[in-house]
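A.B. asks: work31.tsv is the file, holding TSV, C-alpha atoms (C1' of nucleotides):
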```
chain	number	residue	atom	x	y	z
H	1247	MET	CA	61.45	110.15	-2.94
H	1248	SER	CA	61.18	112.51	-5.86
H	1249	GLU	CA	60.94	109.51	-8.18
H	1250	GLY	CA	57.41	109.14	-6.90
H	1251	LYS	CA	56.78	112.78	-7.77
H	1252	LEU	CA	58.04	112.19	-11.27
H	1253	GLN	CA	55.79	109.17	-11.71
H	1254	ARG	CA	52.78	111.08	-10.49
H	1255	ALA	CA	53.61	113.98	-12.76
H	1256	ILE	CA	53.82	111.64	-15.73
H	1257	GLU	CA	50.44	110.19	-14.81
H	1258	THR	CA	49.01	113.70	-14.75
H	1259	LEU	CA	50.39	114.32	-18.21
H	1260	LYS	CA	49.01	111.06	-19.59
H	1261	ASP	CA	45.61	111.77	-18.10
H	1262	ALA	CA	45.66	115.10	-19.87
H	1263	GLY	CA	46.45	113.38	-23.15
H	1264	VAL	CA	49.95	114.80	-23.36
H	1265	ARG	CA	52.63	112.68	-24.98
H	1266	ILE	CA	55.73	111.78	-23.01
H	1267	THR	CA	58.66	112.60	-25.25
H	1268	PRO	CA	62.24	112.23	-24.08
H	1269	GLN	CA	62.72	115.99	-24.17
H	1270	ARG	CA	59.56	116.65	-22.20
H	1271	HIS	CA	60.52	114.02	-19.70
H	1272	ALA	CA	63.94	115.60	-19.29
H	1273	VAL	CA	62.56	119.10	-18.75
H	1274	LEU	CA	60.11	117.83	-16.16
H	1275	ASP	CA	62.77	115.73	-14.46
H	1276	TYR	CA	65.17	118.64	-14.36
H	1277	LEU	CA	62.57	120.96	-12.86
H	1278	LEU	CA	61.56	118.40	-10.26
H	1279	HIS	CA	65.13	117.92	-9.13
H	1280	SER	CA	66.09	121.55	-9.35
H	1281	MET	CA	66.08	123.73	-6.29
H	1282	THR	CA	66.96	126.93	-8.10
H	1283	HIS	CA	63.85	128.02	-10.04
H	1284	PRO	CA	65.72	127.95	-13.35
H	1285	THR	CA	65.10	130.07	-16.41
H	1286	ALA	CA	64.20	128.54	-19.77
H	1287	ASP	CA	67.72	129.15	-20.95
H	1288	GLU	CA	69.25	127.46	-17.94
H	1289	ILE	CA	67.12	124.40	-18.61
H	1290	TYR	CA	68.13	124.48	-22.26
H	1291	LYS	CA	71.81	124.67	-21.41
H	1292	ALA	CA	71.54	121.99	-18.75
H	1293	LEU	CA	70.00	119.54	-21.20
H	1294	GLU	CA	72.05	120.23	-24.28
H	1295	GLY	CA	74.53	117.58	-23.23
H	1296	LYS	CA	71.84	114.94	-23.37
H	1297	PHE	CA	69.98	116.46	-26.33
H	1298	PRO	CA	72.49	118.25	-28.56
H	1299	ASN	CA	69.86	118.91	-31.21
H	1300	MET	CA	67.15	120.19	-28.94
H	1301	SER	CA	65.68	123.53	-29.88
H	1302	VAL	CA	65.03	126.36	-27.43
H	1303	ALA	CA	61.49	126.35	-28.72
H	1304	THR	CA	61.08	122.85	-27.36
H	1305	VAL	CA	61.96	124.03	-23.89
H	1306	TYR	CA	59.46	126.86	-24.13
H	1307	ASN	CA	56.79	124.61	-25.61
H	1308	ASN	CA	57.21	122.07	-22.87
H	1309	LEU	CA	57.19	124.67	-20.16
H	1310	ARG	CA	53.94	125.98	-21.60
H	1311	VAL	CA	52.41	122.50	-21.64
H	1312	LEU	CA	53.57	121.75	-18.12
H	1313	LYS	CA	52.12	125.06	-17.03
H	1314	GLU	CA	48.77	124.33	-18.69
H	1315	VAL	CA	48.55	120.98	-16.94
H	1316	GLY	CA	49.33	122.69	-13.66
H	1317	LEU	CA	52.63	120.97	-12.95
H	1318	VAL	CA	54.74	124.06	-13.32
H	1319	ARG	CA	54.36	127.66	-12.35
H	1320	GLU	CA	55.92	130.60	-14.16
H	1321	LEU	CA	57.51	133.29	-12.01
H	1322	THR	CA	57.84	136.66	-13.67
H	1323	TYR	CA	60.03	139.20	-12.03
H	1324	GLY	CA	61.58	142.51	-12.82
H	1325	ASP	CA	63.68	142.97	-15.88
H	1326	ALA	CA	65.03	139.44	-15.99
H	1327	SER	CA	63.57	136.45	-17.78
H	1328	SER	CA	60.90	134.18	-16.37
H	1329	ARG	CA	61.76	131.47	-13.93
H	1330	PHE	CA	59.97	128.16	-13.54
H	1331	ASP	CA	58.97	126.33	-10.44
H	1332	CYS	CA	57.42	122.92	-9.93
H	1333	GLU	CA	54.00	123.39	-8.43
H	1334	THR	CA	54.34	121.29	-5.33
H	1335	THR	CA	52.73	122.89	-2.35
H	1336	GLU	CA	51.52	126.46	-2.16
H	1337	HIS	CA	54.30	128.77	-1.08
H	1338	TYR	CA	55.73	132.24	-1.51
H	1339	HIS	CA	59.17	133.45	-2.59
H	1340	VAL	CA	61.77	135.58	-0.89
H	1341	ILE	CA	64.10	137.21	-3.41
H	1342	CYS	CA	67.50	138.78	-2.87
H	1343	ASN	CA	67.82	142.32	-4.24
H	1344	GLU	CA	71.55	141.85	-4.74
H	1345	CYS	CA	72.16	138.41	-6.20
H	1346	GLY	CA	68.66	137.40	-7.27
H	1347	LYS	CA	68.58	134.23	-5.20
H	1348	ILE	CA	65.07	132.87	-4.64
H	1349	VAL	CA	64.16	131.10	-1.44
H	1350	ASP	CA	60.87	129.33	-0.78
H	1351	PHE	CA	58.83	130.62	2.10
H	1352	HIS	CA	55.80	128.89	3.55
H	1353	TYR	CA	53.04	130.97	5.04
H	1354	PRO	CA	49.38	130.28	5.60
H	1355	SER	CA	47.62	131.46	2.48
H	1356	LEU	CA	46.15	134.91	2.75
H	1357	ASP	CA	42.52	133.99	2.25
H	1358	GLU	CA	41.19	137.01	4.06
H	1359	VAL	CA	43.03	139.32	1.68
H	1360	GLU	CA	41.36	137.63	-1.28
H	1361	LYS	CA	37.97	137.88	0.40
H	1362	LEU	CA	38.35	141.57	1.14
H	1363	ALA	CA	39.52	142.25	-2.39
H	1364	GLU	CA	36.39	140.56	-3.73
H	1365	GLN	CA	34.18	142.70	-1.53
H	1366	VAL	CA	35.91	145.96	-2.33
H	1367	THR	CA	36.46	145.54	-6.06
H	1368	GLY	CA	33.67	143.19	-7.13
H	1369	PHE	CA	36.22	140.90	-8.76
H	1370	ASP	CA	35.76	137.15	-8.85
H	1371	VAL	CA	39.17	136.40	-7.36
H	1372	SER	CA	41.04	133.33	-8.58
H	1373	HIS	CA	44.42	133.59	-6.88
H	1374	HIS	CA	47.16	135.91	-5.72
H	1375	ARG	CA	50.90	136.15	-5.73
H	1376	MET	CA	53.28	137.68	-3.27
H	1377	GLU	CA	57.01	138.12	-3.16
H	1378	ILE	CA	59.18	139.41	-0.39
H	1379	TYR	CA	62.38	141.25	-1.26
H	1380	GLY	CA	65.49	141.82	0.77
H	1381	LYS	CA	69.15	141.04	1.15
H	1382	CYS	CA	70.12	137.41	1.69
H	1383	GLU	CA	72.54	136.30	4.39
H	1384	ASP	CA	75.41	135.79	1.94
H	1385	CYS	CA	75.08	139.30	0.57
H	1386	GLN	CA	74.75	140.77	4.04
H	1387	GLU	CA	78.00	139.10	5.00
H	1388	LEU	CA	79.72	140.32	1.85
H	1389	ALA	CA	78.61	143.86	2.66
H	1390	THR	CA	79.99	143.82	6.20
H	1391	ARG	CA	83.25	142.23	5.10
H	1392	LYS	CA	83.99	145.17	2.82
H	1393	HIS	CA	84.24	147.63	5.73
N	909	MET	CA	45.00	168.92	-5.83
N	910	SER	CA	47.47	166.88	-7.77
N	911	GLU	CA	49.29	170.11	-8.68
N	912	GLY	CA	50.66	169.99	-5.17
N	913	LYS	CA	51.83	166.46	-5.79
N	914	LEU	CA	53.58	167.54	-8.96
N	915	GLN	CA	55.33	170.39	-7.15
N	916	ARG	CA	56.47	168.08	-4.40
N	917	ALA	CA	57.69	165.54	-6.92
N	918	ILE	CA	59.69	168.21	-8.71
N	919	GLU	CA	61.22	169.26	-5.41
N	920	THR	CA	62.23	165.64	-4.81
N	921	LEU	CA	63.91	165.55	-8.20
N	922	LYS	CA	65.76	168.81	-7.62
N	923	ASP	CA	66.95	167.64	-4.23
N	924	ALA	CA	68.32	164.55	-5.91
N	925	GLY	CA	70.19	166.70	-8.42
N	926	VAL	CA	68.04	165.63	-11.34
N	927	ARG	CA	67.36	168.13	-14.11
N	928	ILE	CA	63.82	169.06	-14.95
N	929	THR	CA	63.54	168.78	-18.70
N	930	PRO	CA	60.25	169.33	-20.51
N	931	GLN	CA	60.10	165.67	-21.48
N	932	ARG	CA	60.79	164.49	-17.94
N	933	HIS	CA	58.23	166.91	-16.60
N	934	ALA	CA	55.69	165.60	-19.09
N	935	VAL	CA	56.30	161.95	-18.22
N	936	LEU	CA	55.97	162.71	-14.53
N	937	ASP	CA	52.88	164.82	-15.06
N	938	TYR	CA	51.28	162.15	-17.19
N	939	LEU	CA	51.95	159.46	-14.61
N	940	LEU	CA	50.62	161.59	-11.78
N	941	HIS	CA	47.38	162.26	-13.61
N	942	SER	CA	47.02	158.78	-15.01
N	943	MET	CA	44.78	156.28	-13.32
N	944	THR	CA	45.63	153.40	-15.61
N	945	HIS	CA	49.18	152.28	-14.74
N	946	PRO	CA	50.41	152.88	-18.28
N	947	THR	CA	53.16	151.04	-20.13
N	948	ALA	CA	56.23	152.87	-21.46
N	949	ASP	CA	54.77	152.70	-24.93
N	950	GLU	CA	51.46	154.17	-23.83
N	951	ILE	CA	53.29	157.09	-22.27
N	952	TYR	CA	55.33	157.51	-25.41
N	953	LYS	CA	52.24	157.56	-27.60
N	954	ALA	CA	50.36	159.86	-25.26
N	955	LEU	CA	53.13	162.46	-25.38
N	956	GLU	CA	54.07	162.32	-29.04
N	957	GLY	CA	51.54	165.03	-29.78
N	958	LYS	CA	53.38	167.44	-27.50
N	959	PHE	CA	56.87	166.08	-28.31
N	960	PRO	CA	56.89	164.80	-31.88
N	961	ASN	CA	60.63	164.21	-31.77
N	962	MET	CA	60.81	162.46	-28.46
N	963	SER	CA	62.57	159.11	-28.49
N	964	VAL	CA	61.26	155.98	-26.79
N	965	ALA	CA	64.61	155.81	-25.05
N	966	THR	CA	63.78	159.09	-23.34
N	967	VAL	CA	60.65	157.60	-21.86
N	968	TYR	CA	62.58	154.62	-20.59
N	969	ASN	CA	65.40	156.78	-19.27
N	970	ASN	CA	63.02	159.02	-17.40
N	971	LEU	CA	61.09	156.13	-15.97
N	972	ARG	CA	64.36	154.72	-14.70
N	973	VAL	CA	65.32	158.03	-13.12
N	974	LEU	CA	61.90	158.48	-11.55
N	975	LYS	CA	62.15	154.96	-10.20
N	976	GLU	CA	65.60	155.56	-8.73
N	977	VAL	CA	64.35	158.65	-6.92
N	978	GLY	CA	61.44	156.65	-5.58
N	979	LEU	CA	58.66	158.57	-7.30
N	980	VAL	CA	57.61	155.75	-9.57
N	981	ARG	CA	57.21	152.04	-9.15
N	982	GLU	CA	57.61	149.48	-11.90
N	983	LEU	CA	55.03	146.73	-12.04
N	984	THR	CA	56.17	143.62	-13.86
N	985	TYR	CA	53.58	141.11	-14.76
N	986	GLY	CA	53.39	137.98	-16.82
N	987	ASP	CA	54.21	138.10	-20.48
N	988	ALA	CA	53.22	141.69	-21.07
N	989	SER	CA	55.39	144.77	-20.78
N	990	SER	CA	56.05	146.63	-17.58
N	991	ARG	CA	53.57	149.11	-16.20
N	992	PHE	CA	54.39	152.18	-14.18
N	993	ASP	CA	52.70	153.56	-11.14
N	994	CYS	CA	53.26	156.73	-9.16
N	995	GLU	CA	54.34	155.80	-5.68
N	996	THR	CA	51.71	157.62	-3.66
N	997	THR	CA	50.49	155.60	-0.75
N	998	GLU	CA	51.21	151.94	-0.19
N	999	HIS	CA	48.67	149.77	-1.92
N	1000	TYR	CA	48.21	146.51	-3.77
N	1001	HIS	CA	46.81	145.69	-7.18
N	1002	VAL	CA	43.91	143.56	-8.30
N	1003	ILE	CA	44.30	142.43	-11.90
N	1004	CYS	CA	41.70	141.05	-14.28
N	1005	ASN	CA	42.70	137.75	-15.92
N	1006	GLU	CA	40.55	138.54	-18.95
N	1007	CYS	CA	41.06	142.19	-19.88
N	1008	GLY	CA	44.15	143.06	-17.84
N	1009	LYS	CA	42.51	145.90	-15.99
N	1010	ILE	CA	44.37	146.94	-12.84
N	1011	VAL	CA	42.52	148.23	-9.81
N	1012	ASP	CA	44.14	149.66	-6.70
N	1013	PHE	CA	43.39	147.88	-3.47
N	1014	HIS	CA	44.24	149.19	-0.03
N	1015	TYR	CA	45.03	146.75	2.73
N	1016	PRO	CA	46.97	147.16	5.93
N	1017	SER	CA	50.51	146.29	5.02
N	1018	LEU	CA	51.51	142.74	5.83
N	1019	ASP	CA	54.22	143.51	8.35
N	1020	GLU	CA	53.96	140.18	10.10
N	1021	VAL	CA	54.66	138.36	6.84
N	1022	GLU	CA	57.86	140.34	6.37
N	1023	LYS	CA	58.90	139.68	9.96
N	1024	LEU	CA	58.34	135.95	9.69
N	1025	ALA	CA	60.23	135.83	6.40
N	1026	GLU	CA	63.19	137.52	8.08
N	1027	GLN	CA	63.19	134.99	10.90
N	1028	VAL	CA	62.84	131.98	8.64
N	1029	THR	CA	65.20	132.94	5.84
N	1030	GLY	CA	67.69	135.25	7.52
N	1031	PHE	CA	67.07	137.87	4.86
N	1032	ASP	CA	67.17	141.57	5.63
N	1033	VAL	CA	63.74	142.28	4.18
N	1034	SER	CA	63.18	145.58	2.39
N	1035	HIS	CA	59.69	145.29	0.97
N	1036	HIS	CA	57.16	142.97	-0.61
N	1037	ARG	CA	54.70	142.95	-3.44
N	1038	MET	CA	51.39	141.25	-3.82
N	1039	GLU	CA	48.88	141.03	-6.60
N	1040	ILE	CA	45.43	139.53	-6.56
N	1041	TYR	CA	44.06	138.03	-9.77
N	1042	GLY	CA	40.50	137.42	-10.84
N	1043	LYS	CA	37.72	138.41	-13.20
N	1044	CYS	CA	36.50	141.99	-13.04
N	1045	GLU	CA	32.81	142.92	-12.91
N	1046	ASP	CA	32.69	143.94	-16.57
N	1047	CYS	CA	34.13	140.63	-17.73
N	1048	GLN	CA	31.82	138.70	-15.40
N	1049	GLU	CA	28.85	140.47	-16.94
N	1050	LEU	CA	30.11	139.79	-20.45
N	1051	ALA	CA	30.43	136.11	-19.60
N	1052	THR	CA	26.87	135.79	-18.29
N	1053	ARG	CA	25.45	137.75	-21.21
N	1054	LYS	CA	26.81	135.21	-23.65
N	1055	HIS	CA	24.64	132.41	-22.24
W	1046	DT	C1'	54.19	94.23	-34.44
W	1047	DA	C1'	53.01	97.41	-38.03
W	1048	DC	C1'	50.05	101.36	-39.35
W	1049	DA	C1'	48.03	105.58	-39.21
W	1050	DC	C1'	47.16	109.78	-37.14
W	1051	DT	C1'	48.39	113.59	-34.87
W	1052	DA	C1'	51.27	115.86	-31.81
W	1053	DA	C1'	56.03	117.19	-30.89
W	1054	DT	C1'	60.44	118.57	-32.45
W	1055	DT	C1'	63.63	121.12	-35.08
W	1056	DA	C1'	65.66	125.03	-37.46
W	1057	DT	C1'	64.88	129.33	-38.56
W	1058	DA	C1'	63.01	133.68	-38.66
W	1059	DA	C1'	60.27	137.17	-36.72
W	1060	DG	C1'	58.41	139.86	-32.99
W	1061	DG	C1'	58.33	142.99	-29.15
W	1062	DA	C1'	60.34	145.22	-25.20
W	1063	DT	C1'	64.22	147.29	-23.53
W	1064	DT	C1'	69.02	148.98	-23.55
W	1065	DA	C1'	73.48	150.68	-25.64
W	1066	DT	C1'	75.85	154.00	-28.48
W	1067	DA	C1'	77.40	158.26	-30.24
W	1068	DA	C1'	76.35	162.80	-31.66
W	1069	DT	C1'	73.71	166.77	-30.58
W	1070	DT	C1'	71.19	169.70	-27.63
W	1071	DT	C1'	70.03	171.83	-23.36
W	1072	DA	C1'	69.29	172.74	-18.19
W	1073	DA	C1'	71.49	174.64	-14.34
W	1074	DT	C1'	74.96	177.26	-12.20
W	1075	DA	C1'	78.43	180.77	-11.63
Q	1198	DT	C1'	76.00	184.81	-20.89
Q	1199	DA	C1'	79.36	181.02	-20.87
Q	1200	DT	C1'	80.40	176.57	-19.21
Q	1201	DT	C1'	79.78	171.88	-18.25
Q	1202	DA	C1'	77.76	167.82	-17.44
Q	1203	DA	C1'	73.55	165.70	-18.11
Q	1204	DA	C1'	69.61	164.69	-21.18
Q	1205	DT	C1'	67.82	163.88	-25.65
Q	1206	DT	C1'	67.67	161.93	-30.11
Q	1207	DA	C1'	68.14	158.51	-33.71
Q	1208	DT	C1'	69.62	154.29	-34.52
Q	1209	DA	C1'	71.18	149.87	-33.89
Q	1210	DA	C1'	71.69	146.03	-31.01
Q	1211	DT	C1'	70.29	142.73	-27.53
Q	1212	DC	C1'	67.58	139.62	-25.15
Q	1213	DC	C1'	63.59	136.79	-24.41
Q	1214	DT	C1'	59.91	134.59	-26.45
Q	1215	DT	C1'	56.82	133.05	-30.13
Q	1216	DA	C1'	55.48	131.80	-35.05
Q	1217	DT	C1'	56.24	129.00	-39.11
Q	1218	DA	C1'	56.87	125.08	-41.91
Q	1219	DA	C1'	58.96	120.78	-42.59
Q	1220	DT	C1'	60.37	116.61	-40.44
Q	1221	DT	C1'	60.22	113.21	-36.86
Q	1222	DA	C1'	58.22	110.34	-33.52
Q	1223	DG	C1'	54.58	108.81	-29.72
Q	1224	DT	C1'	50.49	106.27	-29.05
Q	1225	DG	C1'	46.27	103.72	-29.77
Q	1226	DT	C1'	44.42	100.28	-32.84
Q	1227	DA	C1'	44.17	96.42	-36.09
```
Would you write out, as C-alpha cells, the structure that this file holds?

C.D. replies:
Amino acid sequence: MSEGKLQRAIETLKDAGVRITPQRHAVLDYLLHSMTHPTADEIYKALEGKFPNMSVATVYNNLRVLKEVGLVRELTYGDASSRFDCETTEHYHVICNECGKIVDFHYPSLDEVEKLAEQVTGFDVSHHRMEIYGKCEDCQELATRKH
Amino acid sequence: MSEGKLQRAIETLKDAGVRITPQRHAVLDYLLHSMTHPTADEIYKALEGKFPNMSVATVYNNLRVLKEVGLVRELTYGDASSRFDCETTEHYHVICNECGKIVDFHYPSLDEVEKLAEQVTGFDVSHHRMEIYGKCEDCQELATRKH
DNA sequence: TACACTAATTATAAGGATTATAATTTAATA
DNA sequence: TATTAAATTATAATCCTTATAATTAGTGTA
C-alpha cells in the first residue's frame, strides 16, 4: 500500500525537477514508513547502517527539499528539536507532556477560525496549526501504579 | 492599570516562595508592559541599560521561573528563537509569514476539540495551542506597491 | 552509451540559542 | 543584624542547524 505512496512521492519530486539520489530516496522512504514523527537525528541514525558515509547535512538538506515540494511537514515544538511528518492528509497532533509521544488526531479543519481571524486582524490567512497537550494512557497508568 | 497586574504577579511569586530580585522584577515588568512577545535576547538587550552586568542566563532563569509559576507562556515557533508572553487571558496568535509580526486573537476556546481528542486518543488533555499564519496588512500593502 | 552540466553529497567548521557550572552576591526571615 | 538558601554572574559547554568548499554523481542529450 505505501509503495504506491512512495511512487507518487517520487513522481512529485521528478515533476519538481528534483533528483532522486539514494540518500534522498532513503529519507523519503523512512519517513513514509515511520509512524513516529522522527527528528533529523533519528533519521540520520536509522540510515547510517545503509549509508555509513552520509552526512547530517544531507538529512537536513533533503528534509528541506521534501518540505519545499510539500511532501513533508516540519513540526516545531518546545525546547526539543524539530520533528518531521509526511504530509498525507490534514490532521492535528496530540502530544504527551510526560514522554513526548505524538499521536495523530483527525478533526474537521477549523475554517471558521481562519475566517474570523482574517476579519479581525486583516491578515491574508494561509494556514494554521494546532496541538493538543496532555498525558497519554501509558503515562497515566504509570502514574497510578506508583501509588 | 497594569500596575495592578504587576502587584498581583508579585503576590503570585511570593506565594510560590520565589524571591523578588531587581532583575526578576525588571523582566516581569518588561513582559507585562510589552506588546510584542519578545525573545529572551530582546529582553536582555532592553534591560542592559538598567542592569549592565546582568547575564543572559539570568534572563533565561527568570523566564523559566515565571513560566513554572504560570505567569508567562513560552511560544515556540519555527526556526526562530522562543518568544515569551504574559499569561493574561486565554488567546491565540496570528503570525505574519513575511515579517514575523504576532497579533493576539481572541476566540472562544475550543473545548469540543479537547473533548474529542480525549475520547479518540485516551489522553488526559491539559491544554492546546493554535496559531494562525498569513500575511499581515502591512506586508500585503508592500506587495501591491511593488507592482 | 558516453558526455556535459548542474545539483547533491560529504566533511568540516561556524552559528545561534539555550543550559550547565562554580564562585560570588543577595533577598528574606528570625 | 546574622544566617541561609536562592539568585546572579561569567564563562564554558551543549545541542541543533546551517554555511562552505571540494568532490561525487544524477539526468537529459548527442

A.B. asks: Define the interface residues of chain N facing chain W as those within 12 Å, counting all atoms listed in the file, and report them as a list of chain:residue names.

C.D. replies: N:Lys922, N:Gly925, N:Val926, N:Arg927, N:Ile928, N:Thr929, N:Pro930, N:Gln931, N:Arg932, N:Thr947, N:Ala948, N:Asp949, N:Val964, N:Ala965, N:Thr966, N:Val967, N:Tyr968, N:Asn969, N:Arg972, N:Asp987, N:Ala988, N:Ser989, N:Ser990, N:Arg991

A.B. asks: Return as a CSV table (one decimal) with C-alpha atoms, in the coordinates of the input the residues belonging to chain H that are within 8 Å of chain N, counting only C-alpha atoms.

C.D. replies:
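Saved result, part_7.csv, follows:
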```
chain,number,residue,atom,x,y,z
H,1321,LEU,CA,57.5,133.3,-12.0
H,1322,THR,CA,57.8,136.7,-13.7
H,1323,TYR,CA,60.0,139.2,-12.0
H,1324,GLY,CA,61.6,142.5,-12.8
H,1325,ASP,CA,63.7,143.0,-15.9
H,1340,VAL,CA,61.8,135.6,-0.9
H,1342,CYS,CA,67.5,138.8,-2.9
H,1349,VAL,CA,64.2,131.1,-1.4
H,1351,PHE,CA,58.8,130.6,2.1
H,1353,TYR,CA,53.0,131.0,5.0
H,1359,VAL,CA,43.0,139.3,1.7
H,1360,GLU,CA,41.4,137.6,-1.3
H,1363,ALA,CA,39.5,142.2,-2.4
H,1366,VAL,CA,35.9,146.0,-2.3
H,1367,THR,CA,36.5,145.5,-6.1
H,1368,GLY,CA,33.7,143.2,-7.1
H,1369,PHE,CA,36.2,140.9,-8.8
H,1370,ASP,CA,35.8,137.2,-8.8
H,1371,VAL,CA,39.2,136.4,-7.4
H,1372,SER,CA,41.0,133.3,-8.6
H,1373,HIS,CA,44.4,133.6,-6.9
H,1374,HIS,CA,47.2,135.9,-5.7
H,1375,ARG,CA,50.9,136.2,-5.7
H,1376,MET,CA,53.3,137.7,-3.3
H,1377,GLU,CA,57.0,138.1,-3.2
H,1378,ILE,CA,59.2,139.4,-0.4
H,1379,TYR,CA,62.4,141.2,-1.3
H,1380,GLY,CA,65.5,141.8,0.8
H,1381,LYS,CA,69.2,141.0,1.2
H,1382,CYS,CA,70.1,137.4,1.7
H,1383,GLU,CA,72.5,136.3,4.4
H,1386,GLN,CA,74.8,140.8,4.0
```

A.B. asks: Any chance you could tabulate, as a tab-separated table, the residues of chain Q at most 10 Å from chain H with each one's nearest atom pair and distance in Å to one decimal, using only C-alpha atoms (C1' of nucleotides), in chain and rising number order?

C.D. replies:
```
residue	atom	partner	partner_atom	distance
Q:DC1212	C1'	H:Ser1327	CA	9.0
Q:DC1213	C1'	H:Ser1327	CA	6.6
Q:DT1214	C1'	H:Tyr1306	CA	8.1
Q:DT1215	C1'	H:Ala1303	CA	8.3
Q:DA1222	C1'	H:Thr1267	CA	8.6
Q:DG1223	C1'	H:Arg1265	CA	6.4
Q:DT1224	C1'	H:Arg1265	CA	7.9
```

A.B. asks: Could you tell me how far atom CA of H:His1337 lies from atom CA of H:Lys1251, in Å and to one decimal?

C.D. replies: 17.5 Å

A.B. asks: What gap, in Å, lies between atom CA of H:His1271 and atom C1' of Q:DG1225?

C.D. replies: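 Interatomic distance here is 20.3 Å.
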
A.B. asks: Could you jot down the atom CA of N:Ala934 to atom CA of N:Val980 separation for me, Å, one decimal place?

C.D. replies: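 These two atoms are separated by 13.8 Å.
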